[in-house]
Structures are given as C-alpha cells and as structure tokens.
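Visitor: Dropping the structure in here first, questions after.
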Amino acid sequence: MIISSITEAIGHTPVYKFTAQDFPMPKDSVIYAKLEYLNPGGSIKDRLGLYLLTSGLESGKIDQETTIIEPTAGNTGIGLGLAALKFNLKTIFVVPEKFSIEKQKIMQALGAKIVHTPTEEGIVGAIEKSKQLASEIPNSYVPLQFENPDNPATYYQTLGPELFQELEGSINSFVAGIGSGGTFAGTAKFLKDRLPELRLIGVEPEGSILNGGSSHGHEIEGIGVEFVPPFLSELTIDQFETISDAEGFAYTRQLAKEHGLLVGSSSGAAFAAALKEAQRLPNGQSILTIFPDTSDRYLSKNIYL
Ligand code: PMP
C-alpha cells in the first residue's frame, strides 16, 4: 500500500479471534477483538480525529487558519494531531495532569501545544478550560468529542460497517468500553440496526458511575465517566460491566505475555467483560470487543510487569 498521507492508513485493522483453547469459555464460543491499537497513531481515536476535522472543514466550522482546541485524555489529541497535519491546522490539547506522559509527548511530537488542568477537576475541568481558551483565541474551534454527534457518527460510518463485513454479520454480543461513549454508541447502533437480537454490554472501570457506583479515581485509562454520555440515550444497553483496575491490568498483562497483543488497560478491561459475557451465554456464541489503544503509551506506569 503506497500512501501520501498517514491518515490513509487509518482503519481496516485486523480482528483477533480467541477460542476456548485460549481462555475458559464454552467450547464453541469465540471472542473477536478488533485491534484498533494498530492504527497509525496507536488508537481508535485516529478515526475520530480525521472525521472531526474533515466534517468541520466541510461544514465551514474550520478554515485554513483555525486553531483546534480539545479536552482529551490523549488519544483523541493524537488522532486530531495526525489529521491536523494533513490539513495544516494548529492544535492545543487540554489534558488533566494524571494522564500518561507518553501520550502528552506524542501529541507534542505531532506539533501540538499541551495545556494541563488539575487531576481533581477531572475531564469536566478540561472541558471548561478548553471553552475558556476558545473564547480568548480568535478563530479557534473546539470539536468537543463529549457532545459532538460527529463522534458516534465516526464509528457508525467506519468501524460498524468494517466489523459487520469482517464477521459476516455473525455477532451475538457487542462488548466495549465507554469513555466519551462515541465508539460504543456509533458501533452499537450500526450493528443493532442490522442485528436486532444483538446484546449490548458497556464496560467501565470501578470509579465510573454507569452501574450506579460513586465517582472516584481509577488507574485504567480511557474509559469511565463522571456523567452519563448523551450518546447512550438512543440505545438500550443490556448490561454494564464494572471492572476493577486489578482485573483489567491482569488481562492486559496476559494479552501481552501470551498473545503478543501490546494493548492498553482499557483493552484488558474490555476483554475481562467479554470473557464474562462468553461464560454467561450458552455455547456457540460470537462475542465482539474492541482493543482501543497500544501499550507503548503506558510503559511508564509499569502495568506490564
Ligand atoms: N480506550 C481508550 C484507551 C481511550 O482513550 C478511549 C477514549 N477516551 C476509550 C477506550 C473509549 O472510547 P470512547 O471515548 O469512544 O468511549
């Protein structure tokens, strides 16, 4: 494949198949994991960055001189940073301090400026700071993944169709982590429109509120919410699975050591939930999950040792 923009390498990632020989589950059931960590920026959010800027340019919200500002844990910043190079746009990313230093350095490597907000203020603090910066910087635009319908639309347009085609429509459950909720909502809606019997399982870390728990800090990065994402309201979600940091990290380590799958902790959490779903359902089911990002950006957190 010869390309002239790295954005052309986004998407069409491989799907990994796990069977009962790999993990304890009913003998003919399978878990499929979409390896989104193999996107060029190392995460599923490359799709989002490209879609947000393309759509912003088409609708006239962005022009050649616009500065893009976005609150992000890092992966959306990296995705937007890659796409911004294609369109020659300046970027500023607002990142709560606790998120991994590697992600921040990658955003800087792509030419972005980083603005920090205090960890205690969470993503809500980063959203407020982004809006404040946008009011001060002329011709700036905040795509705001947490509210922008282009976020689920990205996955409805790209990931959903890829998966439906790759698995030839043979999917019984869709199990995926929820951060902004865009991946889950867009992909689930595309699949459910075609597979009405599909079970939908949302995954969160302990410390996220979707199962009625109280909001507190957690070490698994990229998933977990302080407010219910607006995108989820259009879906009937069968179950939320709440995964502890310890369990998520244990599967993240196992995926690396036994399968060479160098993924981040939200992938380990998604896998833990997918395995529980496989064990709950009768034999012969296909469970689909997503591995959103790569391990490289968490090496400093020592979660693989
Ligand atoms: N995993 C990781 C590592 C992420 O960075 C994100 C995005 N924050 C997600 C999962 C969840 O994706 P979404 O925002 O689409 O819910």
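Letters for chains follow the order of the structure tokens (A, B, ...), residue numbers begin at 1 for each chain, and ligand numbers begin at 1 in the order shown.
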Could you give me, as a Markdown table, every stretch 149-257 of chain A residue with an atom at most 10 Å from stretch 13-35 of chain A, plus its closest atom pair and distance in Å to one decimal, counting only C-alpha atoms, rows ordered by chain then number?
Guide:
```
| residue | atom | partner | partner_atom | distance |
| --- | --- | --- | --- | --- |
| A:Leu159 | CA | A:Lys34 | CA | 9.3 |
| A:Glu162 | CA | A:Thr13 | CA | 9.0 |
| A:Leu163 | CA | A:Lys34 | CA | 8.0 |
| A:Glu166 | CA | A:Val15 | CA | 8.0 |
| A:Leu167 | CA | A:Tyr32 | CA | 8.8 |
| A:Ile171 | CA | A:Tyr32 | CA | 9.2 |
| A:Ser173 | CA | A:Ile31 | CA | 9.5 |
| A:Phe174 | CA | A:Tyr32 | CA | 9.7 |
| A:Val175 | CA | A:Ala33 | CA | 9.7 |
| A:Ala176 | CA | A:Ala33 | CA | 9.9 |
```
Visitor: What would the file look like if the residues just selected were written as a compact mmCIF listing (two decimals), in the first residue's frame with C-alpha atoms?
Guide:
```txt
# COMPACT_ATOMS: atom_id res chain seq x y z
CA LEU A 159 -15.99 0.84 12.45
CA GLU A 162 -16.00 -2.83 8.81
CA LEU A 163 -16.94 -5.16 11.64
CA GLU A 166 -15.48 -8.81 8.51
CA LEU A 167 -17.64 -11.01 10.75
CA ILE A 171 -22.22 -11.44 16.19
CA SER A 173 -22.88 -9.64 21.74
CA PHE A 174 -21.04 -6.35 21.40
CA VAL A 175 -18.91 -5.53 24.44
CA ALA A 176 -17.00 -2.24 24.55
```
Visitor: Taking only C-alpha atoms and all ligand atoms into account, which residues have an atom no farther than 9 Å from ligand 1? I'd like them as a count of residues only.
Guide: 43
Visitor: I'd like to know which residues of stretch 46-289 of chain A are strand (DSSP E or B) (by DSSP, run on the backbone); could you write them as a PDB file with N, CA and C atoms, in the first residue's frame?
Guide:
```pdb
ATOM      1  N   THR A  67      -7.458  27.391  14.848  1.00  0.00           N
ATOM      2  CA  THR A  67      -6.746  26.624  15.877  1.00  0.00           C
ATOM      3  C   THR A  67      -7.736  25.635  16.495  1.00  0.00           C
ATOM      4  N   ILE A  68      -7.354  24.358  16.488  1.00  0.00           N
ATOM      5  CA  ILE A  68      -8.210  23.316  17.068  1.00  0.00           C
ATOM      6  C   ILE A  68      -7.839  23.158  18.544  1.00  0.00           C
ATOM      7  N   ILE A  69      -8.859  23.227  19.420  1.00  0.00           N
ATOM      8  CA  ILE A  69      -8.653  23.061  20.862  1.00  0.00           C
ATOM      9  C   ILE A  69      -9.537  21.899  21.315  1.00  0.00           C
ATOM     10  N   GLU A  70      -8.994  20.960  22.105  1.00  0.00           N
ATOM     11  CA  GLU A  70      -9.841  19.838  22.528  1.00  0.00           C
ATOM     12  C   GLU A  70      -9.416  19.317  23.896  1.00  0.00           C
ATOM     13  N   PRO A  71     -10.406  19.074  24.790  1.00  0.00           N
ATOM     14  CA  PRO A  71     -10.085  18.382  26.038  1.00  0.00           C
ATOM     15  C   PRO A  71      -9.919  16.895  25.743  1.00  0.00           C
ATOM     16  N   LYS A  90      -3.352  24.317  13.395  1.00  0.00           N
ATOM     17  CA  LYS A  90      -2.681  24.366  14.703  1.00  0.00           C
ATOM     18  C   LYS A  90      -3.562  23.652  15.742  1.00  0.00           C
ATOM     19  N   THR A  91      -2.900  23.053  16.768  1.00  0.00           N
ATOM     20  CA  THR A  91      -3.675  22.323  17.777  1.00  0.00           C
ATOM     21  C   THR A  91      -3.216  22.663  19.198  1.00  0.00           C
ATOM     22  N   ILE A  92      -4.203  22.743  20.099  1.00  0.00           N
ATOM     23  CA  ILE A  92      -3.946  22.880  21.535  1.00  0.00           C
ATOM     24  C   ILE A  92      -4.791  21.820  22.239  1.00  0.00           C
ATOM     25  N   PHE A  93      -4.164  20.976  23.071  1.00  0.00           N
ATOM     26  CA  PHE A  93      -4.923  19.950  23.771  1.00  0.00           C
ATOM     27  C   PHE A  93      -4.890  20.191  25.271  1.00  0.00           C
ATOM     28  N   VAL A  94      -6.068  20.090  25.892  1.00  0.00           N
ATOM     29  CA  VAL A  94      -6.195  20.338  27.322  1.00  0.00           C
ATOM     30  C   VAL A  94      -6.323  18.985  28.016  1.00  0.00           C
ATOM     31  N   VAL A  95      -5.324  18.669  28.841  1.00  0.00           N
ATOM     32  CA  VAL A  95      -5.181  17.312  29.382  1.00  0.00           C
ATOM     33  C   VAL A  95      -5.105  17.362  30.909  1.00  0.00           C
ATOM     34  N   PRO A  96      -6.011  16.665  31.622  1.00  0.00           N
ATOM     35  CA  PRO A  96      -5.842  16.561  33.080  1.00  0.00           C
ATOM     36  C   PRO A  96      -4.486  15.919  33.390  1.00  0.00           C
ATOM     37  N   LYS A 113       0.330  21.919  21.179  1.00  0.00           N
ATOM     38  CA  LYS A 113       0.642  22.552  22.460  1.00  0.00           C
ATOM     39  C   LYS A 113      -0.243  21.879  23.523  1.00  0.00           C
ATOM     40  N   ILE A 114       0.345  21.610  24.697  1.00  0.00           N
ATOM     41  CA  ILE A 114      -0.432  20.958  25.764  1.00  0.00           C
ATOM     42  C   ILE A 114      -0.715  21.980  26.867  1.00  0.00           C
ATOM     43  N   VAL A 115      -1.969  22.007  27.320  1.00  0.00           N
ATOM     44  CA  VAL A 115      -2.336  22.810  28.491  1.00  0.00           C
ATOM     45  C   VAL A 115      -2.848  21.829  29.542  1.00  0.00           C
ATOM     46  N   HIS A 116      -2.319  21.917  30.766  1.00  0.00           N
ATOM     47  CA  HIS A 116      -2.733  20.994  31.824  1.00  0.00           C
ATOM     48  C   HIS A 116      -3.861  21.561  32.670  1.00  0.00           C
ATOM     49  N   THR A 117      -4.720  20.654  33.155  1.00  0.00           N
ATOM     50  CA  THR A 117      -5.688  21.040  34.192  1.00  0.00           C
ATOM     51  C   THR A 117      -5.484  20.083  35.366  1.00  0.00           C
ATOM     52  N   SER A 140     -10.803  29.987  16.747  1.00  0.00           N
ATOM     53  CA  SER A 140     -10.494  28.670  17.298  1.00  0.00           C
ATOM     54  C   SER A 140     -11.779  27.843  17.319  1.00  0.00           C
ATOM     55  N   TYR A 141     -11.607  26.531  17.383  1.00  0.00           N
ATOM     56  CA  TYR A 141     -12.770  25.640  17.329  1.00  0.00           C
ATOM     57  C   TYR A 141     -12.535  24.452  18.250  1.00  0.00           C
ATOM     58  N   SER A 173     -23.027 -10.696  20.727  1.00  0.00           N
ATOM     59  CA  SER A 173     -22.878  -9.641  21.745  1.00  0.00           C
ATOM     60  C   SER A 173     -21.803  -8.664  21.323  1.00  0.00           C
ATOM     61  N   PHE A 174     -22.062  -7.390  21.611  1.00  0.00           N
ATOM     62  CA  PHE A 174     -21.043  -6.352  21.397  1.00  0.00           C
ATOM     63  C   PHE A 174     -20.674  -5.796  22.771  1.00  0.00           C
ATOM     64  N   VAL A 175     -19.402  -5.902  23.112  1.00  0.00           N
ATOM     65  CA  VAL A 175     -18.915  -5.532  24.441  1.00  0.00           C
ATOM     66  C   VAL A 175     -17.828  -4.481  24.256  1.00  0.00           C
ATOM     67  N   ALA A 176     -18.037  -3.255  24.769  1.00  0.00           N
ATOM     68  CA  ALA A 176     -16.996  -2.237  24.546  1.00  0.00           C
ATOM     69  C   ALA A 176     -16.977  -1.222  25.676  1.00  0.00           C
ATOM     70  N   GLY A 177     -15.800  -0.662  25.892  1.00  0.00           N
ATOM     71  CA  GLY A 177     -15.600   0.342  26.925  1.00  0.00           C
ATOM     72  C   GLY A 177     -16.265   1.657  26.565  1.00  0.00           C
ATOM     73  N   ARG A 199     -26.867  -8.436  21.730  1.00  0.00           N
ATOM     74  CA  ARG A 199     -26.762  -7.945  23.113  1.00  0.00           C
ATOM     75  C   ARG A 199     -25.710  -6.842  23.173  1.00  0.00           C
ATOM     76  N   LEU A 200     -25.977  -5.808  23.966  1.00  0.00           N
ATOM     77  CA  LEU A 200     -25.044  -4.686  24.102  1.00  0.00           C
ATOM     78  C   LEU A 200     -24.556  -4.603  25.546  1.00  0.00           C
ATOM     79  N   ILE A 201     -23.238  -4.698  25.714  1.00  0.00           N
ATOM     80  CA  ILE A 201     -22.642  -4.670  27.052  1.00  0.00           C
ATOM     81  C   ILE A 201     -21.643  -3.512  27.121  1.00  0.00           C
ATOM     82  N   GLY A 202     -21.904  -2.535  27.991  1.00  0.00           N
ATOM     83  CA  GLY A 202     -20.984  -1.404  28.169  1.00  0.00           C
ATOM     84  C   GLY A 202     -19.976  -1.722  29.277  1.00  0.00           C
ATOM     85  N   VAL A 203     -18.740  -1.308  29.086  1.00  0.00           N
ATOM     86  CA  VAL A 203     -17.680  -1.617  30.055  1.00  0.00           C
ATOM     87  C   VAL A 203     -17.151  -0.325  30.680  1.00  0.00           C
ATOM     88  N   GLU A 204     -17.024  -0.344  32.002  1.00  0.00           N
ATOM     89  CA  GLU A 204     -16.475   0.810  32.733  1.00  0.00           C
ATOM     90  C   GLU A 204     -15.537   0.289  33.813  1.00  0.00           C
ATOM     91  N   PRO A 205     -14.614   1.146  34.280  1.00  0.00           N
ATOM     92  CA  PRO A 205     -13.784   0.758  35.424  1.00  0.00           C
ATOM     93  C   PRO A 205     -14.518   1.077  36.717  1.00  0.00           C
ATOM     94  N   GLU A 206     -14.110   0.450  37.821  1.00  0.00           N
ATOM     95  CA  GLU A 206     -14.623   0.866  39.134  1.00  0.00           C
ATOM     96  C   GLU A 206     -14.249   2.328  39.325  1.00  0.00           C
ATOM     97  N   SER A 208     -16.393   4.613  37.976  1.00  0.00           N
ATOM     98  CA  SER A 208     -17.281   5.219  36.971  1.00  0.00           C
ATOM     99  C   SER A 208     -18.725   4.985  37.422  1.00  0.00           C
ATOM    100  N   GLN A 239     -26.525  -4.494  29.683  1.00  0.00           N
ATOM    101  CA  GLN A 239     -25.809  -4.599  30.943  1.00  0.00           C
ATOM    102  C   GLN A 239     -24.572  -3.713  30.927  1.00  0.00           C
ATOM    103  N   PHE A 240     -24.240  -3.163  32.102  1.00  0.00           N
ATOM    104  CA  PHE A 240     -22.914  -2.527  32.255  1.00  0.00           C
ATOM    105  C   PHE A 240     -22.052  -3.459  33.081  1.00  0.00           C
ATOM    106  N   GLU A 241     -20.817  -3.624  32.668  1.00  0.00           N
ATOM    107  CA  GLU A 241     -19.874  -4.478  33.386  1.00  0.00           C
ATOM    108  C   GLU A 241     -18.837  -3.549  34.006  1.00  0.00           C
ATOM    109  N   THR A 242     -18.662  -3.626  35.323  1.00  0.00           N
ATOM    110  CA  THR A 242     -17.709  -2.753  36.027  1.00  0.00           C
ATOM    111  C   THR A 242     -16.475  -3.574  36.401  1.00  0.00           C
ATOM    112  N   ILE A 243     -15.335  -3.165  35.898  1.00  0.00           N
ATOM    113  CA  ILE A 243     -14.102  -3.957  36.027  1.00  0.00           C
ATOM    114  C   ILE A 243     -13.121  -3.215  36.947  1.00  0.00           C
ATOM    115  N   VAL A 263      -1.434  -4.034  24.136  1.00  0.00           N
ATOM    116  CA  VAL A 263      -2.571  -3.112  24.235  1.00  0.00           C
ATOM    117  C   VAL A 263      -2.589  -2.402  25.580  1.00  0.00           C
ATOM    118  N   SER A 286     -20.822 -15.754  19.439  1.00  0.00           N
ATOM    119  CA  SER A 286     -19.729 -14.866  18.999  1.00  0.00           C
ATOM    120  C   SER A 286     -19.826 -13.550  19.763  1.00  0.00           C
ATOM    121  N   ILE A 287     -18.779 -13.252  20.497  1.00  0.00           N
ATOM    122  CA  ILE A 287     -18.736 -12.008  21.276  1.00  0.00           C
ATOM    123  C   ILE A 287     -17.693 -11.102  20.641  1.00  0.00           C
ATOM    124  N   LEU A 288     -18.084  -9.874  20.402  1.00  0.00           N
ATOM    125  CA  LEU A 288     -17.176  -8.926  19.740  1.00  0.00           C
ATOM    126  C   LEU A 288     -16.759  -7.841  20.722  1.00  0.00           C
ATOM    127  N   THR A 289     -15.466  -7.569  20.771  1.00  0.00           N
ATOM    128  CA  THR A 289     -14.997  -6.442  21.583  1.00  0.00           C
ATOM    129  C   THR A 289     -13.947  -5.643  20.812  1.00  0.00           C
TER     130      THR A 289
END
```
Visitor: Could you tell me how far atom CA of A:Ala84 sits from atom CA of A:Asp63, in Å to one decimal place?
Guide: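 Distance between the two atoms: 11.6 Å.
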Visitor: Skipping near chain neighbours, those fewer than 5 positions away, what residues fall within 12 Å of A:Lys86 using only C-alpha atoms, listed as a PyMOL selection string?
Guide: chain A and resi 4-8+49-50+53-54+64+79-81+110
Visitor: Just C-alpha atoms for this one: save the residues we selected as a PDB file, in the first residue's frame.
Guide:
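Saved as part_11.pdb:
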```pdb
ATOM      1  CA  SER A   4       0.823  10.067   0.664  1.00  0.00           C
ATOM      2  CA  SER A   5      -0.877  10.998   3.951  1.00  0.00           C
ATOM      3  CA  ILE A   6      -0.633   8.896   7.104  1.00  0.00           C
ATOM      4  CA  THR A   7      -4.390   9.355   7.506  1.00  0.00           C
ATOM      5  CA  GLU A   8      -4.828   6.941   4.594  1.00  0.00           C
ATOM      6  CA  GLY A  49      -9.604  12.931  14.581  1.00  0.00           C
ATOM      7  CA  LEU A  50      -9.864  12.530  10.830  1.00  0.00           C
ATOM      8  CA  LEU A  53     -11.659  17.757  11.059  1.00  0.00           C
ATOM      9  CA  THR A  54     -12.984  16.603   7.690  1.00  0.00           C
ATOM     10  CA  GLN A  64      -7.197  27.009   6.988  1.00  0.00           C
ATOM     11  CA  GLY A  79      -5.811  11.421  16.399  1.00  0.00           C
ATOM     12  CA  LEU A  80      -6.619  15.105  15.924  1.00  0.00           C
ATOM     13  CA  GLY A  81      -2.895  15.892  15.778  1.00  0.00           C
ATOM     14  CA  LEU A 110       2.883  15.988  16.288  1.00  0.00           C
TER      15      LEU A 110
END
```
Visitor: My list of candidates is A:Asp193, A:Glu234, A:Asp245, A:Glu258. Which is closest to A:Gly169 when distances are computed with only C-alpha atoms?
Guide: A:Asp193
Visitor: Would you kindly return, as a short mmCIF file (atom, residue, chain, number, x, y, z; two decimals) with N, CA and C atoms, in the first residue's frame, each protein, DNA or RNA residue with an atom no farther than 12 Å from any atom of A:Glu121, considering only C-alpha atoms and excluding same-chain residues fewer than 2 positions away?
Guide:
```
data_model
loop_
_atom_site.label_atom_id
_atom_site.label_comp_id
_atom_site.auth_asym_id
_atom_site.auth_seq_id
_atom_site.Cartn_x
_atom_site.Cartn_y
_atom_site.Cartn_z
N VAL A 95 -5.32 18.67 28.84
CA VAL A 95 -5.18 17.31 29.38
C VAL A 95 -5.10 17.36 30.91
N PRO A 96 -6.01 16.67 31.62
CA PRO A 96 -5.84 16.56 33.08
C PRO A 96 -4.49 15.92 33.39
N GLU A 97 -3.82 16.43 34.41
CA GLU A 97 -2.42 16.06 34.70
C GLU A 97 -2.17 14.57 34.83
N LYS A 98 -3.19 13.82 35.33
CA LYS A 98 -2.92 12.42 35.68
C LYS A 98 -2.65 11.53 34.46
N HIS A 116 -2.32 21.92 30.77
CA HIS A 116 -2.73 20.99 31.82
C HIS A 116 -3.86 21.56 32.67
N THR A 117 -4.72 20.65 33.15
CA THR A 117 -5.69 21.04 34.19
C THR A 117 -5.48 20.08 35.37
N PRO A 118 -5.91 20.50 36.59
CA PRO A 118 -5.67 19.65 37.76
C PRO A 118 -6.42 18.32 37.66
N THR A 119 -5.76 17.25 38.07
CA THR A 119 -6.37 15.91 38.09
C THR A 119 -7.72 15.92 38.79
N ILE A 123 -12.26 15.39 33.81
CA ILE A 123 -12.42 15.78 32.40
C ILE A 123 -13.32 17.02 32.31
N VAL A 124 -14.19 17.20 33.32
CA VAL A 124 -15.08 18.37 33.32
C VAL A 124 -14.24 19.66 33.39
N GLY A 125 -13.18 19.62 34.21
CA GLY A 125 -12.28 20.78 34.31
C GLY A 125 -11.59 21.05 32.97
N ALA A 126 -11.21 19.98 32.27
CA ALA A 126 -10.55 20.14 30.97
C ALA A 126 -11.52 20.70 29.92
N ILE A 127 -12.78 20.30 30.01
CA ILE A 127 -13.80 20.82 29.08
C ILE A 127 -13.97 22.33 29.31
N GLU A 128 -14.08 22.72 30.59
CA GLU A 128 -14.26 24.15 30.90
C GLU A 128 -13.06 24.97 30.43
N LYS A 129 -11.87 24.45 30.68
CA LYS A 129 -10.66 25.17 30.28
C LYS A 129 -10.61 25.32 28.75
N HIS A 216 -15.03 7.93 41.48
CA HIS A 216 -13.73 8.12 42.13
C HIS A 216 -12.62 7.75 41.16
N GLY A 217 -11.40 8.03 41.57
CA GLY A 217 -10.25 7.82 40.67
C GLY A 217 -10.05 6.35 40.34
N GLU A 226 -17.78 10.50 34.39
CA GLU A 226 -18.23 11.28 35.55
C GLU A 226 -19.68 11.74 35.31
#
```
Visitor: Choose the residue, out of A:Leu144, A:Leu191, A:Ala134, A:Leu299, that has the smallest atom-to-atom separation from A:Gly160; count only C-alpha atoms.
Guide: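 For A:Gly160, the nearest of the given residues is A:Leu191.
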Visitor: From the DSSP assignment of the backbone, select every residue of stretch 23-226 of chain A that is alpha helix (DSSP H), and format the answer as a PyMOL selection string.
Guide: chain A and resi 45-59+75-87+101-109+122-136+150-157+159-166+182-194
Visitor: Which residue gives the smallest distance to A:Pro138 among A:Glu36, A:Thr158, A:Thr66, A:Gly77, with only C-alpha atoms counted?
Guide: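 Using only C-alpha atoms, the shortest distance to A:Pro138 belongs to A:Thr66.
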Visitor: With only C-alpha atoms as the counted atoms, please give the residues lying no more than 10 Å from A:Lys257, apart from itself and same-chain residues fewer than 5 positions off, as an NGL selection string.
Guide: :A and (251-252 or 262 or 304-305)
Visitor: Deliver the residues from the most recent selection as a file, using C-alpha atoms, as a tab-separated table (two decimals), in the first residue's frame.
Guide:
```tsv
chain	number	residue	atom	x	y	z
A	251	TYR	CA	-5.85	-9.34	31.47
A	252	THR	CA	-3.78	-6.56	29.87
A	262	LEU	CA	0.56	-4.94	23.14
A	304	TYR	CA	3.01	-4.83	32.35
A	305	LEU	CA	5.48	-6.15	34.94
```
